[in-house]
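Listing of protein.cif; format and content: mmCIF, C-alpha atoms.
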data_data
#
loop_
_atom_site.label_atom_id
_atom_site.label_comp_id
_atom_site.auth_asym_id
_atom_site.auth_seq_id
_atom_site.Cartn_x
_atom_site.Cartn_y
_atom_site.Cartn_z
CA MET V 1 13.08 35.67 34.45
CA SER V 2 10.91 34.47 37.31
CA SER V 3 11.18 36.50 40.48
CA ALA V 4 12.48 33.52 42.46
CA LEU V 5 15.24 32.88 39.94
CA THR V 6 15.98 36.59 39.56
CA ASP V 7 16.65 36.86 43.27
CA LEU V 8 19.40 34.26 43.01
CA CYS V 9 21.72 36.11 40.60
CA ARG V 10 22.18 39.48 38.95
CA TYR V 11 22.60 38.07 35.46
CA PRO V 12 20.71 35.26 33.67
CA ILE V 13 23.93 33.26 33.35
CA VAL V 14 24.27 29.83 34.95
CA GLN V 15 27.51 27.86 35.06
CA ALA V 16 26.64 24.25 34.27
CA PRO V 17 27.49 21.55 36.81
CA MET V 18 30.21 19.50 35.11
CA ALA V 19 30.83 16.23 36.93
CA GLY V 20 34.36 14.89 36.95
CA GLY V 21 36.15 17.81 38.58
CA ALA V 22 35.59 20.88 36.39
CA SER V 23 32.91 22.42 38.64
CA CYS V 24 35.14 22.88 41.65
CA PRO V 25 34.42 25.36 44.49
CA ARG V 26 36.86 27.91 43.08
CA LEU V 27 35.05 28.08 39.73
CA VAL V 28 31.59 28.15 41.30
CA ALA V 29 32.58 30.94 43.68
CA ALA V 30 34.06 33.04 40.87
CA VAL V 31 30.89 32.77 38.79
CA SER V 32 28.55 33.54 41.67
CA GLU V 33 30.69 36.45 42.86
CA ALA V 34 30.53 37.94 39.34
CA GLY V 35 26.73 37.90 39.29
CA GLY V 36 26.03 34.53 37.65
CA LEU V 37 24.85 31.35 39.33
CA GLY V 38 27.61 28.81 39.92
CA PHE V 39 26.89 25.09 40.30
CA LEU V 40 28.76 22.34 42.10
CA ALA V 41 28.51 18.88 40.53
CA ALA V 42 27.87 16.23 43.17
CA GLY V 43 27.89 13.43 40.60
CA TYR V 44 30.64 10.80 41.11
CA LYS V 45 31.40 12.19 44.56
CA THR V 46 30.66 10.61 47.92
CA ALA V 47 28.10 12.32 50.14
CA ASP V 48 30.91 13.51 52.41
CA GLY V 49 32.92 14.70 49.41
CA MET V 50 29.93 16.80 48.34
CA TYR V 51 29.51 18.17 51.86
CA GLN V 52 33.18 19.17 52.07
CA GLU V 53 32.97 21.01 48.74
CA VAL V 54 29.83 22.87 49.86
CA LYS V 55 31.63 23.81 53.07
CA GLN V 56 34.67 25.02 51.11
CA LEU V 57 32.48 26.98 48.70
CA ARG V 58 30.69 28.76 51.55
CA GLY V 59 34.11 29.93 52.71
CA LEU V 60 34.75 31.47 49.30
CA THR V 61 31.46 33.25 48.65
CA SER V 62 28.29 34.38 50.37
CA GLN V 63 26.45 34.52 47.04
CA PRO V 64 23.82 31.94 46.01
CA PHE V 65 24.96 28.75 44.28
CA GLY V 66 23.55 25.39 43.28
CA VAL V 67 24.34 21.70 43.70
CA ASN V 68 23.51 19.11 41.04
CA LEU V 69 22.58 15.51 41.85
CA PHE V 70 22.44 12.43 39.63
CA MET V 71 19.26 10.40 39.98
CA PRO V 72 19.66 6.66 40.80
CA GLN V 73 19.53 4.50 37.68
CA PRO V 74 17.32 1.45 37.10
CA GLY V 75 19.08 -1.89 36.73
CA GLN V 76 18.33 -2.49 33.06
CA ALA V 77 21.79 -3.16 31.62
CA ASP V 78 22.46 -6.39 29.72
CA ALA V 79 25.16 -8.12 31.78
CA ALA V 80 26.28 -10.18 28.79
CA ALA V 81 26.74 -7.05 26.66
CA VAL V 82 28.78 -5.42 29.44
CA ASP V 83 30.98 -8.53 29.64
CA VAL V 84 31.57 -8.45 25.88
CA TYR V 85 32.58 -4.79 26.14
CA ARG V 86 34.91 -5.65 29.02
CA HIS V 87 36.74 -8.10 26.77
CA GLN V 88 36.92 -5.51 24.00
CA LEU V 89 38.60 -3.08 26.40
CA ALA V 90 41.27 -5.59 27.44
CA GLY V 91 43.74 -4.06 25.00
CA GLU V 92 43.21 -0.61 26.55
CA ALA V 93 43.87 -2.02 30.02
CA SER V 94 47.10 -3.55 28.77
CA TRP V 95 48.15 -0.38 26.92
CA TYR V 96 47.61 1.88 29.94
CA ASP V 97 48.78 -0.81 32.38
CA THR V 98 45.73 -0.42 34.58
CA PRO V 99 42.90 -2.81 35.50
CA LEU V 100 39.36 -2.31 34.30
CA GLY V 101 36.90 -1.18 36.96
CA ASP V 102 34.09 -3.12 38.57
CA PRO V 103 30.91 -2.52 36.54
CA ASP V 104 28.83 -3.32 39.63
CA ALA V 105 30.42 -0.60 41.78
CA GLY V 106 27.07 1.12 42.43
CA ARG V 107 24.02 2.59 40.73
CA ASP V 108 22.66 5.26 43.09
CA ASP V 109 25.66 7.65 43.36
CA GLY V 110 24.94 8.06 47.09
CA TYR V 111 21.67 9.80 46.25
CA GLU V 112 19.80 9.31 49.52
CA ALA V 113 22.77 10.36 51.65
CA LYS V 114 23.26 13.48 49.54
CA LEU V 115 19.56 14.34 49.85
CA ALA V 116 19.78 14.02 53.62
CA ILE V 117 22.74 16.43 53.79
CA LEU V 118 21.14 19.02 51.50
CA LEU V 119 17.85 18.91 53.41
CA ASP V 120 19.59 19.14 56.78
CA ASP V 121 21.86 22.01 55.67
CA PRO V 122 20.03 23.62 52.71
CA VAL V 123 21.70 25.33 49.76
CA PRO V 124 19.95 27.91 47.55
CA VAL V 125 19.43 25.66 44.50
CA VAL V 126 19.44 21.92 43.82
CA SER V 127 19.14 20.48 40.33
CA PHE V 128 18.65 16.90 39.17
CA THR V 129 19.93 15.00 36.13
CA PHE V 130 18.98 11.60 34.63
CA GLY V 131 15.45 11.67 35.98
CA CYS V 132 12.89 13.46 38.10
CA PRO V 133 12.64 13.13 41.90
CA ALA V 134 9.46 12.09 43.64
CA ARG V 135 7.01 14.81 44.64
CA GLU V 136 7.83 14.13 48.30
CA THR V 137 11.49 14.99 47.67
CA LEU V 138 10.72 18.21 45.81
CA ASP V 139 8.17 19.20 48.47
CA ALA V 140 10.82 18.66 51.15
CA PHE V 141 13.22 20.98 49.35
CA ALA V 142 10.45 23.56 48.97
CA ARG V 143 9.88 23.47 52.74
CA ALA V 144 13.63 23.92 53.23
CA GLY V 145 13.58 27.02 51.02
CA THR V 146 15.61 25.41 48.22
CA PHE V 147 14.81 26.23 44.58
CA THR V 148 14.67 23.02 42.50
CA VAL V 149 15.48 22.45 38.83
CA VAL V 150 15.05 19.25 36.81
CA THR V 151 17.02 18.66 33.59
CA VAL V 152 14.75 17.70 30.69
CA THR V 153 15.24 16.81 27.04
CA SER V 154 11.62 16.65 25.86
CA PRO V 155 8.23 18.29 26.52
CA GLU V 156 7.04 15.07 28.18
CA GLU V 157 9.91 15.13 30.66
CA ALA V 158 9.19 18.81 31.36
CA GLN V 159 5.56 18.01 32.10
CA ALA V 160 6.61 15.24 34.47
CA ALA V 161 8.91 17.67 36.30
CA GLN V 162 6.17 20.28 36.60
CA TYR V 163 3.71 17.67 37.88
CA ALA V 164 6.22 16.50 40.50
CA GLY V 165 6.60 20.06 41.81
CA ALA V 166 9.90 21.30 40.34
CA ASP V 167 10.38 25.07 40.43
CA ALA V 168 12.01 25.15 36.98
CA VAL V 169 13.34 22.94 34.21
CA CYS V 170 16.76 23.01 32.58
CA VAL V 171 15.96 22.43 28.91
CA GLN V 172 18.93 20.62 27.38
CA GLY V 173 19.34 20.68 23.62
CA VAL V 174 21.26 18.02 21.75
CA GLU V 175 24.14 20.50 21.21
CA ALA V 176 25.13 20.23 24.90
CA GLY V 177 28.46 18.78 25.94
CA GLY V 178 28.66 15.87 28.35
CA HIS V 179 25.78 13.55 29.12
CA GLN V 180 22.32 13.94 27.70
CA GLY V 181 20.09 14.27 30.77
CA THR V 182 17.28 12.05 29.48
CA HIS V 183 15.03 10.55 32.15
CA ARG V 184 15.18 7.18 30.44
CA ASP V 185 18.02 5.90 28.29
CA ASP V 186 16.55 4.00 25.35
CA PRO V 187 18.88 1.04 24.63
CA GLU V 188 17.74 1.11 21.00
CA GLY V 189 18.30 4.83 20.61
CA ASP V 190 21.44 6.64 19.49
CA GLY V 191 20.96 9.54 21.86
CA SER V 192 20.07 11.97 19.09
CA GLY V 193 17.70 14.65 20.30
CA THR V 194 16.23 18.04 19.52
CA GLY V 195 18.13 21.28 18.99
CA LEU V 196 17.87 23.82 21.80
CA LEU V 197 15.76 26.55 20.17
CA ALA V 198 13.23 24.07 18.80
CA LEU V 199 13.10 22.30 22.16
CA LEU V 200 12.56 25.58 24.04
CA ALA V 201 9.55 26.34 21.85
CA GLN V 202 8.09 22.89 22.50
CA VAL V 203 8.66 22.99 26.25
CA ARG V 204 7.35 26.55 26.50
CA GLU V 205 4.00 25.35 25.18
CA ALA V 206 3.99 22.30 27.45
CA VAL V 207 4.69 23.80 30.90
CA ARG V 208 4.23 27.00 32.89
CA ILE V 209 7.35 26.85 35.07
CA PRO V 210 10.54 28.78 34.12
CA MET V 211 13.04 27.32 31.68
CA VAL V 212 16.84 27.44 31.86
CA ALA V 213 18.32 26.92 28.38
CA ALA V 214 21.34 24.63 27.90
CA GLY V 215 23.13 23.36 24.84
CA GLY V 216 26.13 24.72 22.95
CA LEU V 217 25.82 28.30 24.23
CA MET V 218 29.13 30.18 24.09
CA ARG V 219 28.31 33.85 23.37
CA GLY V 220 26.03 36.51 24.79
CA SER V 221 24.17 36.73 21.47
CA GLN V 222 23.22 33.05 21.85
CA ILE V 223 22.01 33.72 25.38
CA ALA V 224 19.88 36.56 23.98
CA ALA V 225 18.35 34.16 21.45
CA ALA V 226 17.53 31.67 24.20
CA LEU V 227 15.91 34.38 26.32
CA ALA V 228 13.93 35.58 23.31
CA ALA V 229 12.71 32.00 22.90
CA GLY V 230 11.25 32.09 26.40
CA ALA V 231 14.08 30.96 28.66
CA ALA V 232 14.54 32.66 32.01
CA ALA V 233 18.29 32.06 32.02
CA ALA V 234 21.01 30.27 30.07
CA GLN V 235 23.31 27.53 31.32
CA LEU V 236 26.85 27.26 29.91
CA GLY V 237 29.33 24.47 30.57
CA THR V 238 31.98 24.26 27.85
CA ALA V 239 32.41 28.05 27.95
CA PHE V 240 33.50 27.83 31.61
CA LEU V 241 35.47 24.60 31.31
CA VAL V 242 38.57 26.39 29.97
CA CYS V 243 38.62 29.08 32.67
CA PRO V 244 41.72 29.04 34.91
CA GLU V 245 39.50 28.37 37.95
CA SER V 246 38.02 25.23 36.34
CA GLY V 247 39.18 21.93 37.78
CA ALA V 248 39.20 20.24 34.36
CA HIS V 249 42.44 18.52 33.33
CA LEU V 250 44.80 20.77 31.36
CA LEU V 251 44.69 18.38 28.39
CA HIS V 252 40.91 18.64 28.35
CA LYS V 253 41.09 22.44 28.37
CA GLN V 254 43.67 22.53 25.59
CA ALA V 255 41.65 20.14 23.43
CA MET V 256 38.72 22.56 23.22
CA THR V 257 40.54 24.72 20.66
CA ASP V 258 43.17 22.23 19.44
CA PRO V 259 42.84 21.91 15.63
CA LEU V 260 43.45 18.17 16.08
CA PHE V 261 39.93 17.84 17.49
CA THR V 262 37.58 19.20 14.87
CA ARG V 263 34.15 17.89 15.88
CA THR V 264 32.00 16.39 18.58
CA GLU V 265 29.77 13.33 18.63
CA LEU V 266 27.40 11.61 21.00
CA THR V 267 28.91 8.37 22.28
CA ARG V 268 28.35 5.60 24.82
CA ALA V 269 32.04 4.61 24.73
CA PHE V 270 33.04 6.03 28.10
CA SER V 271 29.93 5.67 30.26
CA GLY V 272 27.27 3.60 28.52
CA ARG V 273 24.99 6.65 28.25
CA PRO V 274 24.90 9.10 25.31
CA ALA V 275 27.31 11.94 25.99
CA ARG V 276 28.81 14.55 23.66
CA GLY V 277 32.56 14.86 23.47
CA LEU V 278 35.43 15.61 21.12
CA VAL V 279 36.00 12.72 18.72
CA ASN V 280 39.25 10.95 19.63
CA ARG V 281 40.77 7.49 19.17
CA PHE V 282 38.90 5.86 22.06
CA MET V 283 35.56 7.14 20.83
CA ARG V 284 36.20 6.04 17.25
CA GLU V 285 37.37 2.56 18.20
CA HIS V 286 34.88 1.73 20.94
CA GLY V 287 31.86 3.96 20.43
CA PRO V 288 30.18 1.73 17.82
CA TYR V 289 30.27 -1.25 20.20
CA ALA V 290 29.56 0.29 23.60
CA PRO V 291 26.35 -1.07 25.19
CA ALA V 292 23.57 0.99 26.75
CA ALA V 293 24.77 0.31 30.27
CA TYR V 294 25.13 3.25 32.64
CA PRO V 295 26.77 3.42 35.13
CA GLU V 296 28.34 -0.01 34.47
CA VAL V 297 30.45 1.22 31.55
CA HIS V 298 31.37 4.37 33.49
CA HIS V 299 32.80 2.23 36.29
CA LEU V 300 34.48 -0.08 33.77
CA THR V 301 36.38 2.73 32.01
CA SER V 302 37.04 5.03 34.96
CA GLY V 303 40.57 3.75 35.57
CA LEU V 304 41.41 3.86 31.87
CA ARG V 305 40.42 7.50 31.61
CA LYS V 306 42.49 8.43 34.66
CA ALA V 307 45.47 6.48 33.34
CA ALA V 308 45.23 8.20 29.96
CA ALA V 309 45.20 11.60 31.65
CA ALA V 310 48.19 10.65 33.81
CA ALA V 311 50.04 9.52 30.68
CA GLY V 312 49.29 12.81 28.93
CA ASP V 313 47.21 11.06 26.28
CA PRO V 314 44.01 12.95 25.33
CA GLN V 315 43.16 10.18 22.84
CA GLY V 316 42.07 7.98 25.75
CA MET V 317 40.22 10.62 27.75
CA ALA V 318 36.56 11.59 27.82
CA LEU V 319 36.86 15.09 26.34
CA TRP V 320 33.30 16.25 26.99
CA ALA V 321 32.45 19.32 24.92
CA GLY V 322 29.46 21.10 23.42
CA GLN V 323 29.13 21.82 19.72
CA GLY V 324 30.41 25.37 20.22
CA HIS V 325 33.73 24.29 21.76
CA ARG V 326 35.88 26.12 19.20
CA LEU V 327 34.45 29.40 20.57
CA ALA V 328 35.95 28.78 24.02
CA ARG V 329 37.76 31.76 25.55
CA GLU V 330 40.43 31.31 28.19
CA LEU V 331 39.21 34.09 30.48
CA PRO V 332 38.94 34.18 34.26
CA ALA V 333 35.44 32.99 35.17
CA GLY V 334 34.36 36.33 36.64
CA ARG V 335 35.57 38.17 33.58
CA LEU V 336 33.78 35.71 31.31
CA VAL V 337 30.50 36.39 33.13
CA GLU V 338 31.03 40.12 32.58
CA VAL V 339 31.83 39.65 28.88
CA LEU V 340 28.82 37.40 28.33
CA GLN V 341 26.54 39.90 30.06
CA ALA V 342 27.91 42.77 27.95
CA GLU V 343 27.39 40.72 24.78
CA LEU V 344 23.88 39.85 25.93
CA GLN V 345 23.01 43.50 26.51
CA ALA V 346 24.43 44.50 23.12
CA ALA V 347 22.45 41.75 21.37
CA ALA V 348 19.25 42.71 23.21
CA ALA V 349 19.73 46.37 22.28
CA GLU V 350 20.27 45.45 18.64
CA LEU V 351 17.15 43.31 18.65
CA ALA V 352 15.11 46.11 20.19
CA LEU V 353 16.41 48.53 17.56
CA ARG V 354 15.42 46.15 14.75
CA GLU V 355 11.95 45.71 16.16
CA ALA V 356 11.50 49.48 16.51
CA SER V 357 12.56 50.20 12.92
#

Taking this structure as input, can you express it in the form of structure tokens?
Amino acid sequence: MSSALTDLCRYPIVQAPMAGGASCPRLVAAVSEAGGLGFLAAGYKTADGMYQEVKQLRGLTSQPFGVNLFMPQPGQADAAAVDVYRHQLAGEASWYDTPLGDPDAGRDDGYEAKLAILLDDPVPVVSFTFGCPARETLDAFARAGTFTVVTVTSPEEAQAAQYAGADAVCVQGVEAGGHQGTHRDDPEGDGSGTGLLALLAQVREAVRIPMVAAGGLMRGSQIAAALAAGAAAAQLGTAFLVCPESGAHLLHKQAMTDPLFTRTELTRAFSGRPARGLVNRFMREHGPYAPAAYPEVHHLTSGLRKAAAAAGDPQGMALWAGQGHRLARELPAGRLVEVLQAELQAAAAELALREAS
């Protein structure tokens, strides 16, 4: 692990920023207090909402933590395709007795305002998803003493992040739950990508900056494999989603190990961008027809997802989950960090023994 990243946490375990409520201050504090690096998700929050959560988190822990930002998205969506999808969702709106959202509710997620807050009152780490910031932005964070990480899904994206001045890259394999953090969403693509270990090898040869591995990691032995492949640390989301401190909806937590939900898929059904979740009715019925239109589709379906949760219906919710979701353990977040670290040490010792024999 790089010295700068090592200074931030005792263990090479990062709790992924999960937008939508899971990465609440209580979860982040528990992870950071246990020796990992907790992350707040600023995505889908207002700038003031982000600031209030940072303030609350600082009251819970003095340990380092991170904040994740969504990059503003280019206006490339096909308005006609979005309108067709709106009509397709009319039955859902009627079923849940809630109106569809405004697809033009905003594209930048309050990015500039959030930057201003984080530069005025710096936090230890800031990461970026759905693109790479300008060099001027990353230089400003460097002057503020903030460590920066850019999520990448290819060697080319990693090279762009290194060139822009990022301190590290979060290498996201296709196994990861939630949104694929591609810098550009190809409307003709299905979102399929490269597996984590293969991607780590490719990125390791492409850049010199540290890598944080992300994608389906649920056990310490998997973390050990990622570190052996050159990663400085491992980022886990689904593993922490079921913790009691997580702000995820109870139905979402229960679905992780519910035998009713047997597999995950990448889908545009809920947001218009490829994202991995548990296959449910909404995904099956609408996934094949959802356009490449983020965040328009996200705004369109936001009310439906909330209404489904309020009705206790997981079949209408976005149940984001990585491929390893069936390995989820309902442990307190601090205890989970300790268990993962113990498993990591045991796996590393076994590997060393094999190499010595």

(request) Evaluate the PyMOL selection byres ((chain V and resi 196-210) around 6) and record the selected residues as JSON, numbers by chain, following the chain and residue labels used in the document. (result) {"V": [155, 159, 168, 173, 194, 195, 211, 232]}

(message) Which residues, named as in the file, does the PyMOL selection byres ((chain V and resi 103) around 6) pick out? Answer as a ChimeraX atom specification.
(response) /V:102,104-105,296,299-300

Convert the output of the PyMOL selection byres ((chain V and resi 219) around 12) on the shown file into explicit residues, formatted as a short mmCIF file (atom, residue, chain, number, x, y, z; two decimals) with C-alpha atoms, keeping the file's coordinate frame.
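Result saved to out_37.cif:
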data_model
loop_
_atom_site.label_atom_id
_atom_site.label_comp_id
_atom_site.auth_asym_id
_atom_site.auth_seq_id
_atom_site.Cartn_x
_atom_site.Cartn_y
_atom_site.Cartn_z
CA ILE V 13 23.93 33.26 33.35
CA GLY V 215 23.13 23.36 24.84
CA GLY V 216 26.13 24.72 22.95
CA LEU V 217 25.82 28.30 24.23
CA MET V 218 29.13 30.18 24.09
CA GLY V 220 26.03 36.51 24.79
CA SER V 221 24.17 36.73 21.47
CA GLN V 222 23.22 33.05 21.85
CA ILE V 223 22.01 33.72 25.38
CA ALA V 224 19.88 36.56 23.98
CA ALA V 225 18.35 34.16 21.45
CA ALA V 226 17.53 31.67 24.20
CA ALA V 234 21.01 30.27 30.07
CA GLN V 235 23.31 27.53 31.32
CA LEU V 236 26.85 27.26 29.91
CA GLY V 237 29.33 24.47 30.57
CA THR V 238 31.98 24.26 27.85
CA ALA V 239 32.41 28.05 27.95
CA PHE V 240 33.50 27.83 31.61
CA GLY V 324 30.41 25.37 20.22
CA HIS V 325 33.73 24.29 21.76
CA ARG V 326 35.88 26.12 19.20
CA LEU V 327 34.45 29.40 20.57
CA ALA V 328 35.95 28.78 24.02
CA ARG V 329 37.76 31.76 25.55
CA LEU V 336 33.78 35.71 31.31
CA VAL V 337 30.50 36.39 33.13
CA GLU V 338 31.03 40.12 32.58
CA VAL V 339 31.83 39.65 28.88
CA LEU V 340 28.82 37.40 28.33
CA GLN V 341 26.54 39.90 30.06
CA ALA V 342 27.91 42.77 27.95
CA GLU V 343 27.39 40.72 24.78
CA LEU V 344 23.88 39.85 25.93
CA GLN V 345 23.01 43.50 26.51
CA ALA V 346 24.43 44.50 23.12
CA ALA V 347 22.45 41.75 21.37
#

(message) Between atom CA of V:His249 and atom CA of V:Ala22, what distance in Å does the model show, to one decimal?
(response)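 These atoms are spaced 7.9 Å apart.
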
(request) For atom CA of V:Val67 and atom CA of V:Leu119, determine how far apart the two atoms are, in Å to one decimal place. (result)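 It comes out at 12.0 Å.
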
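What separates atom CA of V:Gln162 from atom CA of V:Pro124 is a distance of 19.2 Å.
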
(request) List every protein, DNA or RNA residue that has at least one atom no more than 12 Å from (16.2, 26.2, 46.0) in the file's coordinates, counting all atoms listed in the file, and write the result as a ChimeraX atom specification. (result) /V:4-5,7-8,64-68,118-119,121-128,138-150,166-168

(request) Kindly indicate which residue among V:Ala19, V:Val242, V:Ala293, V:Leu57 lies nearest to V:Val84, using only C-alpha atoms for the distances. (result)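 So, comparing all the options, the nearest one is V:Ala293.
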
(request) Using only C-alpha atoms, pick whichever of V:Pro25, V:Gly165, V:Gly91, V:Gly110 has the shortest atom-to-atom distance to V:Thr137. (result)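 The closest residue to V:Thr137 is V:Gly165.
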
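The shortest atom-to-atom distance to V:Glu136, with all atoms listed in the file taken into account, belongs to V:Tyr163 out of V:Tyr163, V:Ala42, V:His179, V:Gly106.
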
(message) With all atoms listed in the file as the counted atoms, please give the residues lying no more than 9 Å from V:Ser32, apart from itself and same-chain residues fewer than 3 positions off, as a list in words.
(response)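 Answer for this query is Cys9, Val14, Gln15, Leu27, Val28, Ala29, Gly35, Gly36, Leu37, Gly38, Phe39, Thr61, Ser62, Gln63, Pro64, Phe65 and Gly334 of chain V.
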
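Shortest separation to V:Ala30 among V:Ala231, V:Met71, V:Leu331, V:Ala81 occurs at residue V:Leu331, atoms counted being all atoms listed in the file.
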
(request) Could you check which of V:Ala113, V:Leu266, V:Leu227, V:Met50 is closest to V:Glu175, using all atoms listed in the file? (result) V:Leu266

(request) Tell me which of V:Gly303, V:Gly312, V:Gly322, V:Gly21 sits closest to V:Gln180, counting only C-alpha atoms. (result)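 Closest candidate: V:Gly322.
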
Start from the incomplete input, build all heavy atoms for stretch 55-62 of chain V, and deliver everything as an mmCIF file, in the frame of the given file.
data_model
loop_
_atom_site.group_PDB
_atom_site.id
_atom_site.type_symbol
_atom_site.label_atom_id
_atom_site.label_comp_id
_atom_site.auth_asym_id
_atom_site.auth_seq_id
_atom_site.Cartn_x
_atom_site.Cartn_y
_atom_site.Cartn_z
ATOM 1 N N LYS V 55 31.023 23.087 51.948
ATOM 2 C CA LYS V 55 31.630 23.810 53.070
ATOM 3 C C LYS V 55 32.753 24.729 52.564
ATOM 4 O O LYS V 55 32.854 25.897 52.974
ATOM 5 C CB LYS V 55 32.173 22.807 54.082
ATOM 6 C CG LYS V 55 32.747 23.422 55.342
ATOM 7 C CD LYS V 55 33.201 22.321 56.302
ATOM 8 C CE LYS V 55 33.821 22.912 57.557
ATOM 9 N NZ LYS V 55 34.286 21.838 58.484
ATOM 10 N N GLN V 56 33.582 24.211 51.666
ATOM 11 C CA GLN V 56 34.670 25.020 51.110
ATOM 12 C C GLN V 56 34.110 26.185 50.309
ATOM 13 O O GLN V 56 34.608 27.319 50.407
ATOM 14 C CB GLN V 56 35.549 24.143 50.214
ATOM 15 C CG GLN V 56 36.730 24.884 49.605
ATOM 16 C CD GLN V 56 37.546 23.993 48.680
ATOM 17 O OE1 GLN V 56 37.360 22.781 48.624
ATOM 18 N NE2 GLN V 56 38.446 24.587 47.920
ATOM 19 N N LEU V 57 33.082 25.940 49.530
ATOM 20 C CA LEU V 57 32.480 26.980 48.700
ATOM 21 C C LEU V 57 31.910 28.102 49.559
ATOM 22 O O LEU V 57 32.058 29.293 49.234
ATOM 23 C CB LEU V 57 31.388 26.374 47.821
ATOM 24 C CG LEU V 57 30.591 27.337 46.935
ATOM 25 C CD1 LEU V 57 31.507 28.146 46.031
ATOM 26 C CD2 LEU V 57 29.572 26.560 46.098
ATOM 27 N N ARG V 58 31.262 27.736 50.650
ATOM 28 C CA ARG V 58 30.690 28.760 51.550
ATOM 29 C C ARG V 58 31.775 29.634 52.161
ATOM 30 O O ARG V 58 31.513 30.775 52.544
ATOM 31 C CB ARG V 58 29.866 28.085 52.639
ATOM 32 C CG ARG V 58 28.493 27.625 52.139
ATOM 33 C CD ARG V 58 27.757 26.865 53.190
ATOM 34 N NE ARG V 58 26.350 26.682 52.830
ATOM 35 C CZ ARG V 58 25.608 25.656 53.193
ATOM 36 N NH1 ARG V 58 26.133 24.699 53.951
ATOM 37 N NH2 ARG V 58 24.350 25.567 52.834
ATOM 38 N N GLY V 59 32.991 29.113 52.229
ATOM 39 C CA GLY V 59 34.110 29.930 52.710
ATOM 40 C C GLY V 59 34.649 30.870 51.667
ATOM 41 O O GLY V 59 35.405 31.797 51.978
ATOM 42 N N LEU V 60 34.261 30.640 50.397
ATOM 43 C CA LEU V 60 34.750 31.470 49.300
ATOM 44 C C LEU V 60 33.762 32.532 48.843
ATOM 45 O O LEU V 60 34.163 33.534 48.252
ATOM 46 C CB LEU V 60 35.098 30.571 48.102
ATOM 47 C CG LEU V 60 36.245 29.578 48.289
ATOM 48 C CD1 LEU V 60 36.357 28.656 47.085
ATOM 49 C CD2 LEU V 60 37.558 30.312 48.520
ATOM 50 N N THR V 61 32.471 32.289 49.082
ATOM 51 C CA THR V 61 31.460 33.250 48.650
ATOM 52 C C THR V 61 30.225 33.187 49.532
ATOM 53 O O THR V 61 29.894 32.127 50.069
ATOM 54 C CB THR V 61 31.031 32.991 47.186
ATOM 55 O OG1 THR V 61 30.085 33.984 46.780
ATOM 56 C CG2 THR V 61 30.402 31.617 47.016
ATOM 57 N N SER V 62 29.568 34.333 49.662
ATOM 58 C CA SER V 62 28.290 34.380 50.370
ATOM 59 C C SER V 62 27.133 34.473 49.379
ATOM 60 O O SER V 62 25.977 34.587 49.776
ATOM 61 C CB SER V 62 28.262 35.594 51.317
ATOM 62 O OG SER V 62 28.418 36.805 50.571
#
